[in-house]
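Chemist: Below is the file work.cif, which contains mmCIF, C-alpha atoms, pLDDT in the B column; chains and numbers go by the auth columns.
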data_data
loop_
_atom_site.group_PDB
_atom_site.id
_atom_site.type_symbol
_atom_site.label_atom_id
_atom_site.label_comp_id
_atom_site.label_asym_id
_atom_site.label_seq_id
_atom_site.Cartn_x
_atom_site.Cartn_y
_atom_site.Cartn_z
_atom_site.B_iso_or_equiv
_atom_site.auth_seq_id
_atom_site.auth_asym_id
ATOM 1 C CA MET A 1 106.713 74.756 73.421 30.00 1 A
ATOM 2 C CA THR A 2 107.044 77.601 70.940 31.00 2 A
ATOM 3 C CA ALA A 3 109.553 80.227 71.987 33.00 3 A
ATOM 4 C CA THR A 4 108.164 83.697 72.581 35.00 4 A
ATOM 5 C CA VAL A 5 109.815 86.506 70.652 36.00 5 A
ATOM 6 C CA ALA A 6 109.957 89.801 72.555 42.00 6 A
ATOM 7 C CA THR A 7 108.279 92.745 70.836 44.00 7 A
ATOM 8 C CA ARG A 8 110.839 95.114 69.329 48.00 8 A
ATOM 9 C CA ALA A 9 111.379 98.341 71.244 50.00 9 A
ATOM 10 C CA SER A 10 110.240 100.380 68.234 50.00 10 A
ATOM 11 C CA GLU A 11 106.836 98.641 68.404 60.00 11 A
ATOM 12 C CA ARG A 12 106.192 99.477 72.059 72.00 12 A
ATOM 13 C CA PRO A 13 104.710 102.580 73.691 78.00 13 A
ATOM 14 C CA ASP A 14 107.171 105.267 74.749 90.00 14 A
ATOM 15 C CA VAL A 15 108.721 104.084 78.016 93.00 15 A
ATOM 16 C CA ARG A 16 109.103 107.721 79.079 92.00 16 A
ATOM 17 C CA GLU A 17 105.368 107.764 79.727 93.00 17 A
ATOM 18 C CA ILE A 18 106.098 105.825 82.910 95.00 18 A
ATOM 19 C CA ILE A 19 107.957 108.746 84.452 94.00 19 A
ATOM 20 C CA ASP A 20 105.989 111.599 82.886 94.00 20 A
ATOM 21 C CA PRO A 21 104.310 113.325 85.878 90.00 21 A
ATOM 22 C CA GLU A 22 101.464 114.533 83.657 92.00 22 A
ATOM 23 C CA ARG A 23 100.685 111.050 82.356 94.00 23 A
ATOM 24 C CA ILE A 24 98.299 108.974 84.482 95.00 24 A
ATOM 25 C CA MET A 25 98.968 105.309 83.798 96.00 25 A
ATOM 26 C CA VAL A 26 96.727 102.407 84.798 96.00 26 A
ATOM 27 C CA ALA A 27 98.552 99.247 85.850 96.00 27 A
ATOM 28 C CA ASP A 28 97.172 95.741 86.217 97.00 28 A
ATOM 29 C CA GLY A 29 96.079 94.073 89.459 94.00 29 A
ATOM 30 C CA ALA A 30 97.196 91.111 91.522 93.00 30 A
ATOM 31 C CA MET A 31 98.798 88.157 89.782 96.00 31 A
ATOM 32 C CA GLY A 32 98.893 85.694 92.677 94.00 32 A
ATOM 33 C CA THR A 33 95.227 86.210 93.530 94.00 33 A
ATOM 34 C CA MET A 34 94.219 85.565 89.932 96.00 34 A
ATOM 35 C CA LEU A 35 96.338 82.426 89.685 96.00 35 A
ATOM 36 C CA TYR A 36 94.871 81.162 92.949 94.00 36 A
ATOM 37 C CA SER A 37 91.367 81.745 91.596 95.00 37 A
ATOM 38 C CA ARG A 38 92.329 79.525 88.659 94.00 38 A
ATOM 39 C CA GLY A 39 93.145 76.607 90.942 94.00 39 A
ATOM 40 C CA VAL A 40 96.833 77.111 91.796 95.00 40 A
ATOM 41 C CA PHE A 41 97.298 76.220 95.464 93.00 41 A
ATOM 42 C CA ILE A 42 99.233 78.627 97.677 91.00 42 A
ATOM 43 C CA ASN A 43 101.850 75.998 98.580 92.00 43 A
ATOM 44 C CA GLN A 44 103.168 76.018 95.009 95.00 44 A
ATOM 45 C CA CYS A 45 105.865 78.224 93.548 97.00 45 A
ATOM 46 C CA TYR A 46 103.948 80.718 91.435 98.00 46 A
ATOM 47 C CA ASP A 47 107.106 81.871 89.663 98.00 47 A
ATOM 48 C CA GLU A 48 107.653 78.337 88.338 98.00 48 A
ATOM 49 C CA LEU A 49 104.372 78.626 86.437 98.00 49 A
ATOM 50 C CA ASN A 50 106.195 80.777 83.877 98.00 50 A
ATOM 51 C CA VAL A 51 107.800 77.557 82.689 98.00 51 A
ATOM 52 C CA ARG A 52 105.379 74.875 83.875 97.00 52 A
ATOM 53 C CA SER A 53 102.082 76.543 82.889 98.00 53 A
ATOM 54 C CA PRO A 54 102.924 79.606 80.766 98.00 54 A
ATOM 55 C CA GLU A 55 99.470 79.703 79.141 98.00 55 A
ATOM 56 C CA LEU A 56 97.882 80.170 82.562 98.00 56 A
ATOM 57 C CA VAL A 57 100.063 83.203 83.264 98.00 57 A
ATOM 58 C CA LEU A 58 99.482 84.514 79.742 98.00 58 A
ATOM 59 C CA ASP A 59 95.708 84.290 80.203 98.00 59 A
ATOM 60 C CA VAL A 60 95.886 86.453 83.343 98.00 60 A
ATOM 61 C CA HIS A 61 97.971 89.073 81.544 98.00 61 A
ATOM 62 C CA ARG A 62 95.585 89.091 78.592 98.00 62 A
ATOM 63 C CA ALA A 63 92.598 89.551 80.897 98.00 63 A
ATOM 64 C CA TYR A 64 94.236 92.639 82.384 98.00 64 A
ATOM 65 C CA VAL A 65 95.020 94.028 78.938 98.00 65 A
ATOM 66 C CA LYS A 66 91.393 93.483 77.943 98.00 66 A
ATOM 67 C CA ALA A 67 90.316 95.316 81.112 97.00 67 A
ATOM 68 C CA GLY A 68 92.384 98.350 80.101 97.00 68 A
ATOM 69 C CA ALA A 69 95.750 97.912 81.817 97.00 69 A
ATOM 70 C CA GLU A 70 98.523 100.034 80.296 97.00 70 A
ATOM 71 C CA LEU A 71 101.305 98.457 82.354 98.00 71 A
ATOM 72 C CA LEU A 72 101.670 94.726 83.065 98.00 72 A
ATOM 73 C CA GLU A 73 103.713 93.326 85.943 98.00 73 A
ATOM 74 C CA THR A 74 105.663 90.168 85.249 98.00 74 A
ATOM 75 C CA ASN A 75 104.917 87.050 87.282 98.00 75 A
ATOM 76 C CA SER A 76 108.256 87.265 89.083 98.00 76 A
ATOM 77 C CA PHE A 77 107.599 88.825 92.490 98.00 77 A
ATOM 78 C CA GLY A 78 109.324 85.994 94.371 97.00 78 A
ATOM 79 C CA ALA A 79 111.722 84.870 91.641 98.00 79 A
ATOM 80 C CA ASN A 80 114.949 85.676 93.464 98.00 80 A
ATOM 81 C CA ARG A 81 117.510 83.062 94.430 98.00 81 A
ATOM 82 C CA LEU A 82 116.718 83.059 98.161 98.00 82 A
ATOM 83 C CA LYS A 83 112.965 82.661 97.811 98.00 83 A
ATOM 84 C CA LEU A 84 113.255 80.058 95.064 98.00 84 A
ATOM 85 C CA ALA A 85 115.597 78.054 97.305 98.00 85 A
ATOM 86 C CA GLN A 86 112.599 77.317 99.535 97.00 86 A
ATOM 87 C CA TYR A 87 111.315 75.133 96.684 97.00 87 A
ATOM 88 C CA GLY A 88 114.691 73.772 95.608 98.00 88 A
ATOM 89 C CA LEU A 89 114.531 75.953 92.484 98.00 89 A
ATOM 90 C CA GLU A 90 117.348 78.393 93.167 98.00 90 A
ATOM 91 C CA ASN A 91 119.160 77.457 89.966 98.00 91 A
ATOM 92 C CA HIS A 92 116.233 78.629 87.827 98.00 92 A
ATOM 93 C CA VAL A 93 116.417 82.364 88.557 98.00 93 A
ATOM 94 C CA ALA A 94 117.382 83.356 85.036 98.00 94 A
ATOM 95 C CA GLU A 95 114.935 80.967 83.362 98.00 95 A
ATOM 96 C CA PHE A 96 111.899 81.951 85.438 98.00 96 A
ATOM 97 C CA ASN A 97 112.485 85.687 85.167 98.00 97 A
ATOM 98 C CA ARG A 98 113.275 85.669 81.466 98.00 98 A
ATOM 99 C CA ARG A 99 110.124 83.685 80.740 98.00 99 A
ATOM 100 C CA ALA A 100 108.075 85.940 83.016 98.00 100 A
ATOM 101 C CA ALA A 101 109.068 88.954 80.939 98.00 101 A
ATOM 102 C CA GLU A 102 108.599 87.141 77.633 98.00 102 A
ATOM 103 C CA ILE A 103 105.079 86.035 78.573 98.00 103 A
ATOM 104 C CA ALA A 104 104.063 89.521 79.704 98.00 104 A
ATOM 105 C CA ARG A 105 105.623 90.959 76.555 98.00 105 A
ATOM 106 C CA GLU A 106 103.543 88.606 74.410 98.00 106 A
ATOM 107 C CA ALA A 107 100.333 89.691 76.137 98.00 107 A
ATOM 108 C CA ALA A 108 101.310 93.363 76.048 97.00 108 A
ATOM 109 C CA GLY A 109 101.704 93.550 72.303 94.00 109 A
ATOM 110 C CA ALA A 110 102.333 96.986 70.834 92.00 110 A
ATOM 111 C CA ASN A 111 100.171 99.059 73.155 93.00 111 A
ATOM 112 C CA VAL A 112 101.116 98.058 76.710 97.00 112 A
ATOM 113 C CA LEU A 113 104.346 98.364 78.697 98.00 113 A
ATOM 114 C CA VAL A 114 105.892 95.627 80.839 98.00 114 A
ATOM 115 C CA ALA A 115 107.261 96.125 84.356 98.00 115 A
ATOM 116 C CA GLY A 116 109.695 93.570 85.707 98.00 116 A
ATOM 117 C CA ALA A 117 108.300 92.826 89.180 98.00 117 A
ATOM 118 C CA VAL A 118 110.875 92.429 91.957 98.00 118 A
ATOM 119 C CA GLY A 119 109.956 91.728 95.569 98.00 119 A
ATOM 120 C CA PRO A 120 111.966 91.507 98.793 98.00 120 A
ATOM 121 C CA LEU A 121 114.430 88.677 99.310 98.00 121 A
ATOM 122 C CA GLY A 122 112.532 87.246 102.252 95.00 122 A
ATOM 123 C CA VAL A 123 115.470 87.685 104.641 96.00 123 A
ATOM 124 C CA ARG A 124 116.694 90.605 106.712 94.00 124 A
ATOM 125 C CA ILE A 125 119.840 92.320 105.555 93.00 125 A
ATOM 126 C CA GLU A 126 122.438 94.031 107.704 90.00 126 A
ATOM 127 C CA PRO A 127 122.249 95.575 110.270 88.00 127 A
ATOM 128 C CA PHE A 128 119.036 93.648 111.046 88.00 128 A
ATOM 129 C CA GLY A 129 120.177 90.302 109.610 91.00 129 A
ATOM 130 C CA SER A 130 123.171 88.316 108.424 91.00 130 A
ATOM 131 C CA THR A 131 122.776 88.982 104.694 95.00 131 A
ATOM 132 C CA SER A 132 125.177 91.716 103.603 97.00 132 A
ATOM 133 C CA ARG A 133 124.186 94.643 101.424 97.00 133 A
ATOM 134 C CA GLU A 134 126.493 93.366 98.691 98.00 134 A
ATOM 135 C CA GLU A 135 124.899 89.914 98.759 98.00 135 A
ATOM 136 C CA ALA A 136 121.435 91.447 98.554 98.00 136 A
ATOM 137 C CA ARG A 137 122.465 93.598 95.618 98.00 137 A
ATOM 138 C CA ASP A 138 123.884 90.579 93.804 98.00 138 A
ATOM 139 C CA HIS A 139 120.622 88.664 94.209 98.00 139 A
ATOM 140 C CA PHE A 140 118.571 91.565 92.882 98.00 140 A
ATOM 141 C CA ARG A 141 120.938 92.124 89.969 98.00 141 A
ATOM 142 C CA GLU A 142 120.726 88.444 88.963 98.00 142 A
ATOM 143 C CA GLN A 143 116.943 88.626 88.800 98.00 143 A
ATOM 144 C CA MET A 144 116.757 91.994 87.058 98.00 144 A
ATOM 145 C CA HIS A 145 119.274 91.035 84.398 98.00 145 A
ATOM 146 C CA ALA A 146 117.019 88.185 83.280 98.00 146 A
ATOM 147 C CA LEU A 147 113.933 90.428 83.316 98.00 147 A
ATOM 148 C CA LEU A 148 115.680 92.840 80.968 98.00 148 A
ATOM 149 C CA GLU A 149 116.703 89.962 78.707 98.00 149 A
ATOM 150 C CA GLY A 150 113.074 88.889 78.507 98.00 150 A
ATOM 151 C CA GLY A 151 111.896 92.320 77.397 97.00 151 A
ATOM 152 C CA ALA A 152 110.884 94.267 80.515 98.00 152 A
ATOM 153 C CA ASP A 153 110.536 98.013 79.885 98.00 153 A
ATOM 154 C CA CYS A 154 111.041 99.061 83.497 98.00 154 A
ATOM 155 C CA PHE A 155 111.541 97.643 86.974 98.00 155 A
ATOM 156 C CA LEU A 156 108.841 97.592 89.647 98.00 156 A
ATOM 157 C CA LEU A 157 110.233 97.135 93.142 98.00 157 A
ATOM 158 C CA GLU A 158 107.223 96.365 95.321 97.00 158 A
ATOM 159 C CA THR A 159 106.106 95.487 98.840 97.00 159 A
ATOM 160 C CA PHE A 160 109.414 96.394 100.468 97.00 160 A
ATOM 161 C CA GLY A 161 109.314 97.084 104.191 96.00 161 A
ATOM 162 C CA ASP A 162 112.969 97.993 104.732 97.00 162 A
ATOM 163 C CA LEU A 163 114.423 101.096 103.106 97.00 163 A
ATOM 164 C CA GLY A 164 117.869 99.570 103.409 97.00 164 A
ATOM 165 C CA GLU A 165 116.826 96.595 101.289 98.00 165 A
ATOM 166 C CA ILE A 166 115.082 98.591 98.571 98.00 166 A
ATOM 167 C CA GLU A 167 118.218 100.750 98.395 98.00 167 A
ATOM 168 C CA GLN A 168 120.164 97.689 97.272 98.00 168 A
ATOM 169 C CA ALA A 169 117.484 96.806 94.708 98.00 169 A
ATOM 170 C CA LEU A 170 117.673 100.345 93.329 98.00 170 A
ATOM 171 C CA ALA A 171 121.449 100.150 93.199 98.00 171 A
ATOM 172 C CA ALA A 172 121.279 96.845 91.323 98.00 172 A
ATOM 173 C CA ALA A 173 118.874 98.339 88.794 98.00 173 A
ATOM 174 C CA ARG A 174 121.179 101.297 88.153 98.00 174 A
ATOM 175 C CA GLU A 175 124.212 99.037 87.775 98.00 175 A
ATOM 176 C CA LEU A 176 122.375 97.181 85.017 98.00 176 A
ATOM 177 C CA SER A 177 120.926 100.229 83.263 97.00 177 A
ATOM 178 C CA LEU A 178 121.004 103.963 83.857 96.00 178 A
ATOM 179 C CA THR A 179 118.065 104.526 81.508 96.00 179 A
ATOM 180 C CA THR A 180 115.553 101.847 82.510 97.00 180 A
ATOM 181 C CA PRO A 181 112.855 103.482 84.690 98.00 181 A
ATOM 182 C CA VAL A 182 112.511 102.223 88.246 98.00 182 A
ATOM 183 C CA ILE A 183 109.234 102.289 90.178 98.00 183 A
ATOM 184 C CA ALA A 184 109.974 101.861 93.891 98.00 184 A
ATOM 185 C CA GLN A 185 107.088 100.945 96.177 98.00 185 A
ATOM 186 C CA MET A 186 107.079 100.336 99.918 98.00 186 A
ATOM 187 C CA THR A 187 104.360 98.791 102.066 97.00 187 A
ATOM 188 C CA ILE A 188 102.721 100.359 105.118 96.00 188 A
ATOM 189 C CA GLY A 189 100.411 99.274 107.914 95.00 189 A
ATOM 190 C CA GLN A 190 97.245 100.803 109.308 92.00 190 A
ATOM 191 C CA ASP A 191 99.423 103.130 111.385 94.00 191 A
ATOM 192 C CA GLY A 192 100.787 104.633 108.163 95.00 192 A
ATOM 193 C CA LEU A 193 104.314 103.361 108.862 97.00 193 A
ATOM 194 C CA THR A 194 106.468 100.776 107.116 97.00 194 A
ATOM 195 C CA PRO A 195 107.230 97.584 109.081 95.00 195 A
ATOM 196 C CA PHE A 196 110.529 99.223 110.067 94.00 196 A
ATOM 197 C CA GLY A 197 108.871 102.427 111.258 96.00 197 A
ATOM 198 C CA ALA A 198 109.456 104.820 108.343 97.00 198 A
ATOM 199 C CA THR A 199 106.797 107.458 107.702 98.00 199 A
ATOM 200 C CA PRO A 200 105.418 108.217 104.229 98.00 200 A
ATOM 201 C CA GLU A 201 107.527 111.396 104.261 98.00 201 A
ATOM 202 C CA ASP A 202 110.639 109.354 105.142 98.00 202 A
ATOM 203 C CA VAL A 203 109.914 107.002 102.250 98.00 203 A
ATOM 204 C CA ALA A 204 109.322 109.769 99.720 98.00 204 A
ATOM 205 C CA ARG A 205 112.355 111.849 100.649 98.00 205 A
ATOM 206 C CA THR A 206 114.688 108.855 100.786 98.00 206 A
ATOM 207 C CA LEU A 207 113.594 107.204 97.543 98.00 207 A
ATOM 208 C CA ASP A 208 113.694 110.600 95.829 98.00 208 A
ATOM 209 C CA GLU A 209 117.267 111.129 97.017 98.00 209 A
ATOM 210 C CA TRP A 210 118.259 107.665 95.824 97.00 210 A
ATOM 211 C CA GLY A 211 116.924 108.364 92.340 96.00 211 A
ATOM 212 C CA ALA A 212 113.782 106.263 91.988 98.00 212 A
ATOM 213 C CA ASP A 213 111.851 107.504 88.953 98.00 213 A
ATOM 214 C CA VAL A 214 108.437 106.779 90.446 98.00 214 A
ATOM 215 C CA ILE A 215 107.746 106.456 94.178 98.00 215 A
ATOM 216 C CA GLY A 216 104.801 104.669 95.690 97.00 216 A
ATOM 217 C CA LEU A 217 103.060 102.325 98.088 97.00 217 A
ATOM 218 C CA ASN A 218 101.327 98.994 97.643 95.00 218 A
ATOM 219 C CA CYS A 219 99.468 96.239 99.488 86.00 219 A
ATOM 220 C CA SER A 220 98.683 95.732 103.183 80.00 220 A
ATOM 221 C CA VAL A 221 96.025 98.428 103.642 90.00 221 A
ATOM 222 C CA GLY A 222 93.001 99.715 101.786 91.00 222 A
ATOM 223 C CA PRO A 223 92.476 102.713 99.484 92.00 223 A
ATOM 224 C CA GLN A 224 91.801 105.301 102.197 93.00 224 A
ATOM 225 C CA ALA A 225 95.008 104.659 104.145 93.00 225 A
ATOM 226 C CA ILE A 226 97.049 104.546 100.936 95.00 226 A
ATOM 227 C CA LEU A 227 95.489 107.803 99.712 95.00 227 A
ATOM 228 C CA GLU A 228 96.294 109.589 102.958 96.00 228 A
ATOM 229 C CA ALA A 229 99.902 108.365 102.840 97.00 229 A
ATOM 230 C CA ILE A 230 100.299 109.312 99.164 97.00 230 A
ATOM 231 C CA GLU A 231 99.043 112.827 99.922 97.00 231 A
ATOM 232 C CA ARG A 232 101.709 113.147 102.611 98.00 232 A
ATOM 233 C CA MET A 233 104.351 111.924 100.163 98.00 233 A
ATOM 234 C CA ALA A 234 103.238 114.389 97.498 97.00 234 A
ATOM 235 C CA ALA A 235 104.023 117.244 99.859 98.00 235 A
ATOM 236 C CA VAL A 236 107.724 116.359 100.033 98.00 236 A
ATOM 237 C CA THR A 237 108.638 115.115 96.529 97.00 237 A
ATOM 238 C CA LYS A 238 108.158 116.156 92.911 96.00 238 A
ATOM 239 C CA ARG A 239 108.573 112.587 91.697 97.00 239 A
ATOM 240 C CA LYS A 240 105.662 110.810 90.050 97.00 240 A
ATOM 241 C CA LEU A 241 103.695 108.755 92.586 97.00 241 A
ATOM 242 C CA SER A 242 102.108 105.306 92.307 97.00 242 A
ATOM 243 C CA ALA A 243 99.543 103.536 94.468 95.00 243 A
ATOM 244 C CA GLN A 244 98.352 99.924 94.540 91.00 244 A
ATOM 245 C CA PRO A 245 96.050 99.545 97.565 86.00 245 A
ATOM 246 C CA ASN A 246 94.904 96.208 98.890 76.00 246 A
ATOM 247 C CA ALA A 247 91.333 95.665 97.740 56.00 247 A
#
Using structure tokens, write down the structure from this file.

Modeler:
Amino acid sequence: MTATVATRASERPDVREIIDPERIMVADGAMGTMLYSRGVFINQCYDELNVRSPELVLDVHRAYVKAGAELLETNSFGANRLKLAQYGLENHVAEFNRRAAEIAREAAGANVLVAGAVGPLGVRIEPFGSTSREEARDHFREQMHALLEGGADCFLLETFGDLGEIEQALAAARELSLTTPVIAQMTIGQDGLTPFGATPEDVARTLDEWGADVIGLNCSVGPQAILEAIERMAAVTKRKLSAQPNA
């Protein structure tokens, strides 16, 4: 397999566009859904495809670029040590995440930015579970370090239900880089609340205070519910907002 060379920073769009409140940026869509439509069964580890079937992942990225995406998410949503352990692949965190970023970088070329996608750990952290905040932060930092190595321009924390957990992901991102933009997205239900009961206003105020560059919501509900929640968030923060509703 030919190694992918990350595009030089000087050849990429200005990463500051991500946080510019006047700049509307169109991101890509679902990765897992597209891989499933190409015959990848849901019982497989989708993050492993970055190594096992990189051309398949590359084709999805290229399709989104062709459709007009200005920001690509890496195929790394579940590529943390705890989730990979479910497949016996916990020792491949660095490899899977680095390749995820390299593949997205190849598809992005000189005109599209790459967001290193980071999802929840799949376990509850203290005080709701046995995983400590420090352990959670370590797991996030391990994943994010490899995403940066592979050429990610920013981090996208997505589908978090617990503010306490996304706090540790944010902290890990800042420990690695004070200049890499962080998009922090929570998930809500039809009641407009996160799984742990936070309101859109709670989410916006808290993530703003913790220094997320872009604040948003994704998945779970459709466009109308997301729009209503985003409007409530806009009333309490000056941060740029992002929305990825469930189709």

Chemist: Name the residues that the PyMOL selection byres ((chain A and resi 183) around 9) picks from the file above, as number ranges by chain, using the file's chain letters and numbers.

Modeler: A: 18-19, 115, 154-158, 181-182, 184-185, 212-216, 241-242

Chemist: List the residues sitting within 9 Å of (119.6, 81.4, 93.8) in the file's frame, using all atoms listed in the file, as an NGL selection string.

Modeler: :A and (79-85 or 89-93 or 139 or 142)

Chemist: Please evaluate the PyMOL selection byres ((chain A and resi 211) around 12) against the structure above and give the resulting residues as a PyMOL selection string.

Modeler: chain A and resi 19+166-167+169-171+173-174+178-184+204-210+212-215+237-240

Chemist: State, in Å with one decimal place, the distance from atom CA of A:Leu147 to atom CA of A:Gln168.

Modeler: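 One can read the atom CA of A:Leu147 to atom CA of A:Gln168 distance as 16.9 Å.
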
Chemist: Mind pulling up the distance from atom CA of A:Val60 to atom CA of A:Gly78?

Modeler: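 Between atom CA of A:Gly78 and atom CA of A:Val60 the gap is 17.4 Å.
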
Chemist: For the file shown, what are the residues hit by the PyMOL selection byres ((chain A and resi 198) around 12), laid out as a PDB file with C-alpha atoms, in the coordinates of the input?

Modeler:
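Output file expr_3.pdb is given in full below:
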ATOM      1  CA  PHE A 160     109.414  96.394 100.468  1.00 97.00           C
ATOM      2  CA  GLY A 161     109.314  97.084 104.191  1.00 96.00           C
ATOM      3  CA  ASP A 162     112.969  97.993 104.732  1.00 97.00           C
ATOM      4  CA  LEU A 163     114.423 101.096 103.106  1.00 97.00           C
ATOM      5  CA  GLY A 164     117.869  99.570 103.409  1.00 97.00           C
ATOM      6  CA  MET A 186     107.079 100.336  99.918  1.00 98.00           C
ATOM      7  CA  THR A 187     104.360  98.791 102.066  1.00 97.00           C
ATOM      8  CA  ILE A 188     102.721 100.359 105.118  1.00 96.00           C
ATOM      9  CA  GLY A 189     100.411  99.274 107.914  1.00 95.00           C
ATOM     10  CA  ASP A 191      99.423 103.130 111.385  1.00 94.00           C
ATOM     11  CA  GLY A 192     100.787 104.633 108.163  1.00 95.00           C
ATOM     12  CA  LEU A 193     104.314 103.361 108.862  1.00 97.00           C
ATOM     13  CA  THR A 194     106.468 100.776 107.116  1.00 97.00           C
ATOM     14  CA  PRO A 195     107.230  97.584 109.081  1.00 95.00           C
ATOM     15  CA  PHE A 196     110.529  99.223 110.067  1.00 94.00           C
ATOM     16  CA  GLY A 197     108.871 102.427 111.258  1.00 96.00           C
ATOM     17  CA  THR A 199     106.797 107.458 107.702  1.00 98.00           C
ATOM     18  CA  PRO A 200     105.418 108.217 104.229  1.00 98.00           C
ATOM     19  CA  GLU A 201     107.527 111.396 104.261  1.00 98.00           C
ATOM     20  CA  ASP A 202     110.639 109.354 105.142  1.00 98.00           C
ATOM     21  CA  VAL A 203     109.914 107.002 102.250  1.00 98.00           C
ATOM     22  CA  ALA A 204     109.322 109.769  99.720  1.00 98.00           C
ATOM     23  CA  ARG A 205     112.355 111.849 100.649  1.00 98.00           C
ATOM     24  CA  THR A 206     114.688 108.855 100.786  1.00 98.00           C
ATOM     25  CA  LEU A 207     113.594 107.204  97.543  1.00 98.00           C
ATOM     26  CA  ALA A 229      99.902 108.365 102.840  1.00 97.00           C
ATOM     27  CA  MET A 233     104.351 111.924 100.163  1.00 98.00           C
TER      28      MET A 233
END

Chemist: Between atom CA of A:Asp20 and atom CA of A:Ala107, what is the spacing in Å?

Modeler: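 For atom CA of A:Ala107 relative to atom CA of A:Asp20, the distance reads 23.6 Å.
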
Chemist: Using only C-alpha atoms, pick whichever of A:Ala172, A:Ala136, A:Leu56, A:Met144 has the shortest atom-to-atom distance to A:Phe77.

Modeler: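 Result for the nearest residue to A:Phe77: A:Met144.
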
Chemist: Would you mind putting all heavy atoms back on stretch 157-162 of chain A and writing the result as a PDB file, in the coordinates of the input?

Modeler:
ATOM      1  N   LEU A 157     109.844  97.659  91.836  1.00 98.00           N
ATOM      2  CA  LEU A 157     110.233  97.135  93.142  1.00 98.00           C
ATOM      3  C   LEU A 157     109.030  97.315  94.052  1.00 98.00           C
ATOM      4  O   LEU A 157     108.585  98.441  94.274  1.00 98.00           O
ATOM      5  CB  LEU A 157     111.434  97.903  93.684  1.00 98.00           C
ATOM      6  CG  LEU A 157     112.574  98.205  92.695  1.00 98.00           C
ATOM      7  CD1 LEU A 157     113.676  99.003  93.376  1.00 98.00           C
ATOM      8  CD2 LEU A 157     113.105  96.920  92.087  1.00 98.00           C
ATOM      9  N   GLU A 158     108.483  96.229  94.593  1.00 97.00           N
ATOM     10  CA  GLU A 158     107.223  96.365  95.321  1.00 97.00           C
ATOM     11  C   GLU A 158     107.184  95.575  96.623  1.00 97.00           C
ATOM     12  O   GLU A 158     107.872  94.582  96.786  1.00 97.00           O
ATOM     13  CB  GLU A 158     106.053  95.944  94.439  1.00 97.00           C
ATOM     14  CG  GLU A 158     106.144  94.546  93.882  1.00 97.00           C
ATOM     15  CD  GLU A 158     104.944  94.188  93.011  1.00 97.00           C
ATOM     16  OE1 GLU A 158     103.911  94.862  93.126  1.00 97.00           O
ATOM     17  OE2 GLU A 158     105.052  93.232  92.231  1.00 97.00           O
ATOM     18  N   THR A 159     106.382  96.103  97.548  1.00 97.00           N
ATOM     19  CA  THR A 159     106.106  95.487  98.840  1.00 97.00           C
ATOM     20  C   THR A 159     107.356  95.394  99.717  1.00 97.00           C
ATOM     21  O   THR A 159     107.505  94.447 100.477  1.00 97.00           O
ATOM     22  CB  THR A 159     105.446  94.091  98.671  1.00 97.00           C
ATOM     23  OG1 THR A 159     104.579  94.100  97.528  1.00 97.00           O
ATOM     24  CG2 THR A 159     104.604  93.734  99.876  1.00 97.00           C
ATOM     25  N   PHE A 160     108.235  96.350  99.603  1.00 97.00           N
ATOM     26  CA  PHE A 160     109.414  96.394 100.468  1.00 97.00           C
ATOM     27  C   PHE A 160     109.051  97.059 101.792  1.00 97.00           C
ATOM     28  O   PHE A 160     108.342  98.065 101.819  1.00 97.00           O
ATOM     29  CB  PHE A 160     110.554  97.166  99.792  1.00 97.00           C
ATOM     30  CG  PHE A 160     111.310  96.375  98.767  1.00 97.00           C
ATOM     31  CD1 PHE A 160     110.780  96.155  97.502  1.00 97.00           C
ATOM     32  CD2 PHE A 160     112.552  95.831  99.072  1.00 97.00           C
ATOM     33  CE1 PHE A 160     111.469  95.419  96.553  1.00 97.00           C
ATOM     34  CE2 PHE A 160     113.254  95.089  98.132  1.00 97.00           C
ATOM     35  CZ  PHE A 160     112.709  94.876  96.863  1.00 97.00           C
ATOM     36  N   GLY A 161     109.546  96.500 102.879  1.00 96.00           N
ATOM     37  CA  GLY A 161     109.314  97.084 104.191  1.00 96.00           C
ATOM     38  C   GLY A 161     110.518  97.789 104.759  1.00 96.00           C
ATOM     39  O   GLY A 161     110.390  98.622 105.666  1.00 96.00           O
ATOM     40  N   ASP A 162     111.699  97.467 104.225  1.00 97.00           N
ATOM     41  CA  ASP A 162     112.969  97.993 104.732  1.00 97.00           C
ATOM     42  C   ASP A 162     113.600  98.905 103.687  1.00 97.00           C
ATOM     43  O   ASP A 162     113.927  98.458 102.586  1.00 97.00           O
ATOM     44  CB  ASP A 162     113.889  96.812 105.064  1.00 97.00           C
ATOM     45  CG  ASP A 162     115.261  97.233 105.558  1.00 97.00           C
ATOM     46  OD1 ASP A 162     115.461  98.432 105.850  1.00 97.00           O
ATOM     47  OD2 ASP A 162     116.143  96.351 105.652  1.00 97.00           O
TER      48      ASP A 162
END
